[in-house]
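Asker: Got a structure for you, questions after.
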Amino acid sequence: MENSIIQVQGVSKIFGGLTAVNNVDLEVSKGSIYSIIGPNGAGKTTLFNCISGFYIPEHGTVLFQGEALNGRSTDAICSLGLSRTYQNIRLFSNLTAIENVMVGQHPRLRENWMDAVLNTKRCRQEEKISVAEGYKWLEFVGLSEFANAISGSLPYGAQRRLEIARALSSNPVLLLLDEPTAGMNPQETLEMTALIRSLRDQFNITIILIEHDMHVVMGISDQIAVLDFGNKIAEGKPAEIQKNERVIEAYLGPGGAALANKYRRKKAS
Amino acid sequence: MKNSIRQSIRTGVTFGIVHIFFILIAFNSMISVLIAKLSGIKNPGEIPAPKFYIAFTLLMGLWIGIAALNKKHSLSVGKKLLLSFTTSLTTGLMAGVLDVLLAIILVNKVFIRDFLTVLSFDFIKATLFGMTPVMGTIVTVLCFVAAGVAGGALTILNRTEAVQKFWKNIISWFKKQIEKIQYLSRGKYHLFWQIGGISLLALVAILLPMQWGSYWNYVFGTVGLYVILGLGLNIIVGLSGQLVLGYIAFFAIGAYTMALLNAPEPHNLMWGFWPALLLGVLLSALSGLLLGLPIMRLRGDYLAIVTLGFGEIIRILLKSDVLTNFTGGPRGIQNIKGPMFFGIPFNSEVDFVYLIFAGVILAGFVYNRLKQSRTGRAWLSIREDETVARATGVDTIKYKLLALAIGAAFAGLAGGIYASRNQFTGPDEHALMASINVLSLIIVGGMGNIPGTILGAFTLKGLPEILREFANFRLLAFGALLVFMMLSRPDGLIPSSRPKYDPPTEPAPEIDKKEATHGK
Amino acid sequence: MNDPAPLPLVPKGDNNLNTDTAVMKKQKKGSKLLKLLRPALGVVVLLYILFRLYQVLIVQHEYGADTWTRLLISGLIIGGVYALIAIGYTLVYGILFMINFAHGEVMMFGAYAALYSFWGFKLINIPGKETNFLNAYPVIAIILAFLIGMTVSATLGYFLEKIAYRPLRKAPRLVPLISAIGASIFLQNAAQLLFSPQLRDVTNPDILRRGVGWTIVINGNDVILPYTGVFTFILSIILLITLFILVQKSKLGRAMRAVALDKKTAALMGVDVDNTISRTFIISGALAGAAGVMWGIHNGLVYYYVGFIPGIKAFTAAVLGGIGNIPGAMVGGLLLGIVESMGPAALGINFQLKDVLSFVILIIVLTFRPSGLLGEVLSEEKV
């Protein structure tokens, strides 16, 4: 793929006796929405952690815009333009919403402690920028009225959106979203789906998504990869994945493909 | 109702244990002495007249009666008084049993002072109010009960509508006055009032030290130094979340730098106050960095013990004979020369208070600027969730080291001034207790904000000085106060609040594209 | 919304674009050097230690085998005491993730209990026999002293948890720590006010007099294996093993381990969390009390802050072994005792610096193994 933004090559992650991710290859093209699905425990978040630098894979490499990510610290990776959200929301709960987003801008800014003490021009400018950008991203996710609220006290859906705003404020080119619609009702899910799509449409951010909600996945993904027990068992467009027997069996168990076919035929008739 | 009675008895037993404890540490004597002094007797001696002991018992009873009605029961007045009665009777009976035991000891002349040091025969006699054992016991129980019921009655009275309204009026009066002041400082002539207010404060700050004598200058100076220490530790613990227990080591480095460069022994370098102060600050900052290097990978509580160890290492090294030639050994360093200001000696006690004030203002200013900056937010993110902060682009190692260095620098500043003021410093001044004191004051005062640190410094350092009456019991009260504060107000006396940011009214400046890389 | 211009990527050689000041450059370099620093430092430290050992043991040969034996003996004895106290810290930390700063004071009250027990027994005169209770029935006296000491300390531990820690279970980490510090200060001063600041001598029963013991001849010199020391050490080991069996095999032990791993799930499985925690404090208090009694018997001096320094040392030992890890506490305690005792001599440094040595060892161990010797190797944090 020429305009691939990230290439995962042969990545394996082994914990003691357990191989959580086994020799997985992925390639995501720039500006696309790529979903990773699979039953619980398939190794999706572990793969995310390998890509974003939280884990160091035992085998394989990750190439992000041509640069190898292996062994880099997570802050270096963030500086390269890769941001992520987390399966269990991890905000800076005692800080306000806008402060969370302002921290997200950290790698873009240059003000250091001496600037702060001496109140230099750079300090004054960057503070203004921080606040402005903070409000901009909060508005984008629809949270600007909660800007000064303590983020830990926000409702669940708002916290998820805030986490995304924080990830966006470093102006990433690649965004990893870990189960962004988890725990949401249908209305919130629709809004989140629209948000994700607009990220790609408006800002040209490439998105890799871990999701369980098949409506979301099938609705917005350009490409889907399916993991099961650490192996990639299928990859392709949504329509292909839906019909893939191995995928169905991964979710429904052995014999599941036949079952699915039976019901599909029944529906057709 | 039965439940309430049972609860009352339990409360009574608790208070009974407290009362017995008070007797065994001669707290009743101390309170009696206090009451005696308050009533005008100049020299009551260690064991004043029995009537003051009765007063103590009555006060205890009163307290118990009030505490018995802690929960807002919806019971009738009579039943409430019954609760107070029950509680104070329980305590009274326990006190009575104690009195009987004490009487037995007295009568049989058992020399129990080896066991429990306060129980001299005079003391026991006084605790029994100078009466015969039987009378003393009965009077004790009666006092408890009477005062208990009175306390209950007082509480009931306090909760009546009329009294509650009275308190509400007073509180709203105070609130109105504060609003008036706030209005003035923000209203039409706000600049005038602000300048006026600051000038007044400055005038007080300048004139007061000249008026109120050495003792208060010393106390306020010490409080000021502790404020500087508190702010420095706040950067390390409060902002960046690193639990450092050996903080006083940096203070020691600042103090010893000042001492070694300005005392005739052991080196007779006499570099002068200001260069030594600056060097002390730099050396402290450097040692903060050095301490940071091995601890970067450590989790919170491992961090605590390693930093505690570091503090102890510094103290032991300073105290040992090994380095005596360099550091002056266990005796410390004396005759440290004071500061000069453009050739004029600046070392009177009043000058030092000014110096410390200046230090506090400097520290406060730097702290405030840092807290509300990109650096401060980076620190806070590290405190909240270090792993995620790192993934959000914050170089956590750099910022943790920075916090340590700057926090240590504050301590170095305080140490240098301290050594110069006291004209002496020695290894025993830089012990673990001092680190604990600073940590306690920022947590009790309210971690992370300046008014909290100031209040904490006053409470934990100033108050004990003011309450010298309580001599022996100061530390006991200190310990109890710490526990009590954590149980009731864990956020501190002045909890920190997050800053508020208003939406921008004008378009923000563009990030300078040249610099618009992902900086660190 | 306007399309914000995508920021340019950081080109290779990005360091050139950062016009940092000299100070920041130093810090940046520090960050980068850190990775190389650790192994280099390790090699340096190891070489230095070997060099000093070589100097002292082979070149100068200052101390004979008899001195080393003496040092080893005292090291093991104090190590056993440290281990007992360290287990208390580790039990509490494992279950509540808090440092029980007041643990040293719990030990101190145990020591006072021993002091007063023996003192009281001495006062009881047995009709018909020449001597007093203490020396007439020394074994019973000693057993009673231990029971009293352990009960006092266990009770103290129980109330400490109930009053100062239980209400703070959900608070951020610093709050119970300050509460513990406050409790520690309170207990120390309460002891001082109750029992006077005087240093007190513990009167042992005659069969267990301090300073005497079996004599071994090594290198032509007499080395004493003190009765009190042997007694202390053996009892420590017995208690440690008993505790280990308790934690591994008994129902309470299982409950403790369950609560330590996951409080909520343990509660869901029917474990009474509050009760288990209380009992943990009771056990840890009892062990500290035993340590206090042993201290009184072997060291002889009891005073109101006798628990403070052993408390810190024991906590260091627990961290050294890996906090939360029971065998770790035992190993850490014994190791610390030996290092303290033999270390200064072995490395040819002044005995005054033995505490410095202990802390330096701690720092070195934690630098290379941040979770302690036997501690769980903290794998990468799961997100």
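Identifiers for the structure tokens are assigned positionally: chains receive A, B, ... in sequence, residues are indexed from 1 per chain, and ligands are indexed from 1 in the order shown.
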Please check the contacts: residues of chain A at most 9 Å away from chain C, using only C-alpha atoms, listed as a PyMOL selection string.
Answerer: chain A and resi 45-46+49+54-56+79-81+86-88+90+110+112+140+171-173+202-204
Asker: What's the 10 Å shell around C:Phe359, counting only C-alpha atoms, without same-chain residues fewer than 3 positions away, as a ChimeraX atom specification?
Answerer: /B:305-313 /C:313,316-317,320,336,340,354-356,362-365
Asker: Selected residues, N, CA and C atoms, written as an mmCIF file, in the first residue's frame, please.
Answerer:
data_model
loop_
_atom_site.group_PDB
_atom_site.id
_atom_site.type_symbol
_atom_site.label_atom_id
_atom_site.label_comp_id
_atom_site.auth_asym_id
_atom_site.auth_seq_id
_atom_site.Cartn_x
_atom_site.Cartn_y
_atom_site.Cartn_z
ATOM 1 N N ILE B 305 10.208 5.516 50.974
ATOM 2 C CA ILE B 305 11.241 5.002 51.862
ATOM 3 C C ILE B 305 12.637 5.361 51.362
ATOM 4 N N VAL B 306 12.814 5.399 50.037
ATOM 5 C CA VAL B 306 14.135 5.751 49.534
ATOM 6 C C VAL B 306 14.458 7.207 49.857
ATOM 7 N N THR B 307 13.466 8.075 49.698
ATOM 8 C CA THR B 307 13.745 9.469 50.013
ATOM 9 C C THR B 307 13.940 9.667 51.505
ATOM 10 N N LEU B 308 13.216 8.892 52.309
ATOM 11 C CA LEU B 308 13.458 8.927 53.743
ATOM 12 C C LEU B 308 14.894 8.514 54.028
ATOM 13 N N GLY B 309 15.325 7.453 53.342
ATOM 14 C CA GLY B 309 16.694 6.994 53.521
ATOM 15 C C GLY B 309 17.700 8.063 53.139
ATOM 16 N N PHE B 310 17.413 8.753 52.060
ATOM 17 C CA PHE B 310 18.314 9.795 51.617
ATOM 18 C C PHE B 310 18.462 10.870 52.691
ATOM 19 N N GLY B 311 17.313 11.273 53.247
ATOM 20 C CA GLY B 311 17.364 12.260 54.316
ATOM 21 C C GLY B 311 18.199 11.786 55.491
ATOM 22 N N GLU B 312 18.003 10.520 55.853
ATOM 23 C CA GLU B 312 18.761 9.991 56.979
ATOM 24 C C GLU B 312 20.249 9.905 56.644
ATOM 25 N N ILE B 313 20.565 9.528 55.417
ATOM 26 C CA ILE B 313 21.963 9.442 55.017
ATOM 27 C C ILE B 313 22.651 10.793 55.201
ATOM 28 N N LYS C 313 13.784 0.819 60.226
ATOM 29 C CA LYS C 313 14.660 -0.226 59.674
ATOM 30 C C LYS C 313 13.818 -1.381 59.144
ATOM 31 N N THR C 316 12.259 -0.531 55.980
ATOM 32 C CA THR C 316 13.276 -0.646 54.937
ATOM 33 C C THR C 316 13.472 -2.097 54.551
ATOM 34 N N ALA C 317 13.499 -2.963 55.557
ATOM 35 C CA ALA C 317 13.693 -4.386 55.272
ATOM 36 C C ALA C 317 12.531 -4.932 54.450
ATOM 37 N N LEU C 320 12.934 -3.761 51.028
ATOM 38 C CA LEU C 320 14.086 -4.440 50.434
ATOM 39 C C LEU C 320 13.673 -5.814 49.909
ATOM 40 N N LEU C 336 19.033 -7.402 56.274
ATOM 41 C CA LEU C 336 19.358 -6.077 56.794
ATOM 42 C C LEU C 336 20.144 -6.183 58.090
ATOM 43 N N GLU C 340 23.835 -4.705 58.392
ATOM 44 C CA GLU C 340 24.105 -3.685 59.399
ATOM 45 C C GLU C 340 25.241 -4.091 60.297
ATOM 46 N N LYS C 354 26.676 2.758 59.816
ATOM 47 C CA LYS C 354 26.014 1.502 59.434
ATOM 48 C C LYS C 354 24.612 1.741 58.895
ATOM 49 N N ASP C 355 23.953 2.775 59.410
ATOM 50 C CA ASP C 355 22.622 3.067 58.860
ATOM 51 C C ASP C 355 22.725 3.582 57.439
ATOM 52 N N VAL C 356 23.758 4.382 57.190
ATOM 53 C CA VAL C 356 23.981 4.856 55.827
ATOM 54 C C VAL C 356 24.131 3.674 54.895
ATOM 55 N N LEU C 362 19.691 -0.378 50.186
ATOM 56 C CA LEU C 362 18.303 -0.292 49.743
ATOM 57 C C LEU C 362 18.211 0.408 48.401
ATOM 58 N N ILE C 363 18.880 1.556 48.299
ATOM 59 C CA ILE C 363 18.798 2.324 47.060
ATOM 60 C C ILE C 363 19.362 1.515 45.905
ATOM 61 N N ILE C 364 20.479 0.829 46.172
ATOM 62 C CA ILE C 364 21.084 0.037 45.095
ATOM 63 C C ILE C 364 20.133 -1.072 44.647
ATOM 64 N N VAL C 365 19.575 -1.784 45.630
ATOM 65 C CA VAL C 365 18.670 -2.873 45.250
ATOM 66 C C VAL C 365 17.486 -2.335 44.457
#
Asker: Go through chain A residue by residue and, counting only C-alpha atoms, keep those with an atom at most 9 Å from chain B; for each kept residue give the shortest atom pair and its distance in Å to one decimal, ordered by chain and increasing number, as a Markdown table.
Answerer:
| residue | atom | partner | partner_atom | distance |
| --- | --- | --- | --- | --- |
| A:Ser52 | CA | B:Ala391 | CA | 8.1 |
| A:Gly53 | CA | B:Ala391 | CA | 8.3 |
| A:Phe54 | CA | B:Ala391 | CA | 8.3 |
| A:Ser73 | CA | B:Arg390 | CA | 8.1 |
| A:Thr74 | CA | B:Ala391 | CA | 4.6 |
| A:Asp75 | CA | B:Gly393 | CA | 4.1 |
| A:Ala76 | CA | B:Gly393 | CA | 6.9 |
| A:Ile77 | CA | B:Ala391 | CA | 7.7 |
| A:Cys78 | CA | B:Gly393 | CA | 5.3 |
| A:Ser79 | CA | B:His518 | CA | 5.5 |
| A:Leu80 | CA | B:His518 | CA | 7.6 |
| A:Gly81 | CA | B:His518 | CA | 8.7 |
| A:Ser83 | CA | B:Thr392 | CA | 7.1 |
| A:Arg84 | CA | B:Ala391 | CA | 8.1 |
| A:Arg90 | CA | B:Val388 | CA | 7.3 |
| A:Leu91 | CA | B:Asp385 | CA | 8.0 |
| A:Phe92 | CA | B:Glu384 | CA | 5.4 |
| A:Ser93 | CA | B:Glu384 | CA | 7.1 |
| A:Asn94 | CA | B:Glu384 | CA | 7.2 |
| A:Leu95 | CA | B:Arg498 | CA | 6.8 |
| A:Thr96 | CA | B:Arg498 | CA | 6.9 |
| A:Ile98 | CA | B:Tyr501 | CA | 7.8 |
| A:Glu99 | CA | B:Arg377 | CA | 7.4 |
| A:Asn100 | CA | B:Ser381 | CA | 8.2 |
| A:Met102 | CA | B:Arg377 | CA | 7.9 |
| A:Val103 | CA | B:Arg377 | CA | 6.3 |
| A:Gly104 | CA | B:Thr392 | CA | 5.7 |
| A:Gln105 | CA | B:Gly393 | CA | 8.1 |
| A:His106 | CA | B:Gly393 | CA | 6.2 |
| A:Pro107 | CA | B:His518 | CA | 4.8 |
| A:Arg108 | CA | B:His518 | CA | 4.4 |
| A:Leu109 | CA | B:Gly519 | CA | 5.7 |
| A:Arg110 | CA | B:Gly519 | CA | 5.3 |
| A:Glu111 | CA | B:Arg374 | CA | 6.7 |
| A:Asn112 | CA | B:Thr375 | CA | 6.4 |
| A:Trp113 | CA | B:Thr375 | CA | 5.8 |
| A:Met114 | CA | B:Leu370 | CA | 8.7 |
| A:Ala116 | CA | B:Arg369 | CA | 5.8 |
| A:Val117 | CA | B:Arg369 | CA | 5.3 |
| A:Leu118 | CA | B:Arg369 | CA | 8.3 |
| A:Asn119 | CA | B:Arg369 | CA | 7.8 |
| A:Cys123 | CA | B:Ser373 | CA | 7.9 |
| A:Gln125 | CA | B:Pro509 | CA | 6.6 |
| A:Glu126 | CA | B:Ile511 | CA | 7.8 |
| A:Glu127 | CA | B:Ser373 | CA | 7.3 |
| A:Lys128 | CA | B:Ala508 | CA | 6.0 |
| A:Ile129 | CA | B:Ala508 | CA | 5.4 |
| A:Ser130 | CA | B:Arg374 | CA | 8.8 |
| A:Val131 | CA | B:Pro504 | CA | 7.0 |
| A:Ala132 | CA | B:Pro504 | CA | 5.8 |
| A:Glu133 | CA | B:Ala508 | CA | 8.4 |
| A:Tyr135 | CA | B:Pro503 | CA | 6.5 |
| A:Ser144 | CA | B:Pro503 | CA | 8.7 |
| A:Ala147 | CA | B:Tyr501 | CA | 7.8 |
| A:Asn148 | CA | B:Lys500 | CA | 5.7 |
| A:Ala149 | CA | B:Lys500 | CA | 8.8 |
| A:Ile150 | CA | B:Arg498 | CA | 8.0 |
| A:Arg166 | CA | B:Thr392 | CA | 8.2 |
| A:Ala167 | CA | B:Thr392 | CA | 7.2 |
| A:Ser170 | CA | B:Thr392 | CA | 8.0 |
Asker: From a DSSP calculation on the backbone, collect every residue of stretch 22-225 of chain C in strand (DSSP E) and output the set as a list of chain:residue names.
Answerer: C:Arg200, C:Asp201, C:Gly213, C:Trp214, C:Thr215, C:Ile216, C:Val217, C:Ile218, C:Asn221, C:Asp222, C:Val223, C:Ile224, C:Leu225
Asker: Write out the residues from the selection above, keeping C-alpha atoms, as a short mmCIF file (atom, residue, chain, number, x, y, z; two decimals), in the first residue's frame.
Answerer:
data_model
loop_
_atom_site.label_atom_id
_atom_site.label_comp_id
_atom_site.auth_asym_id
_atom_site.auth_seq_id
_atom_site.Cartn_x
_atom_site.Cartn_y
_atom_site.Cartn_z
CA ARG C 200 14.25 1.73 81.76
CA ASP C 201 16.14 -1.44 82.40
CA GLY C 213 25.61 -17.70 77.11
CA TRP C 214 27.44 -20.59 75.61
CA THR C 215 31.05 -19.96 74.87
CA ILE C 216 32.66 -21.09 71.67
CA VAL C 217 36.32 -20.76 71.14
CA ILE C 218 37.26 -19.52 67.73
CA ASN C 221 39.20 -16.14 71.43
CA ASP C 222 35.97 -16.61 73.32
CA VAL C 223 32.84 -15.94 71.35
CA ILE C 224 29.66 -15.83 73.35
CA LEU C 225 26.41 -17.18 71.99
#
Asker: Starting from chain C, keep only residues with some atom at most 8 Å from an atom of chain B, counting only C-alpha atoms, and report them as a ChimeraX atom specification.
Answerer: /C:7-10,17-18,27-28,31,34,99,116,164,167-168,171,175-176,178-187,189-190,193-196,315-316,319,350,352-353,355-356,359-360,362-363,366-367,370-371
Asker: Within 7 Å of C:Gly110, counting only C-alpha atoms, which residues show up once you throw out same-chain ones fewer than 5 positions away? Write them as a list in words, please.
Answerer: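 Here the qualifying residues turn out to be Gly149, Met150, Val152, Ser153, Gly289, Ala290, Gly292 and Val293 of chain C.
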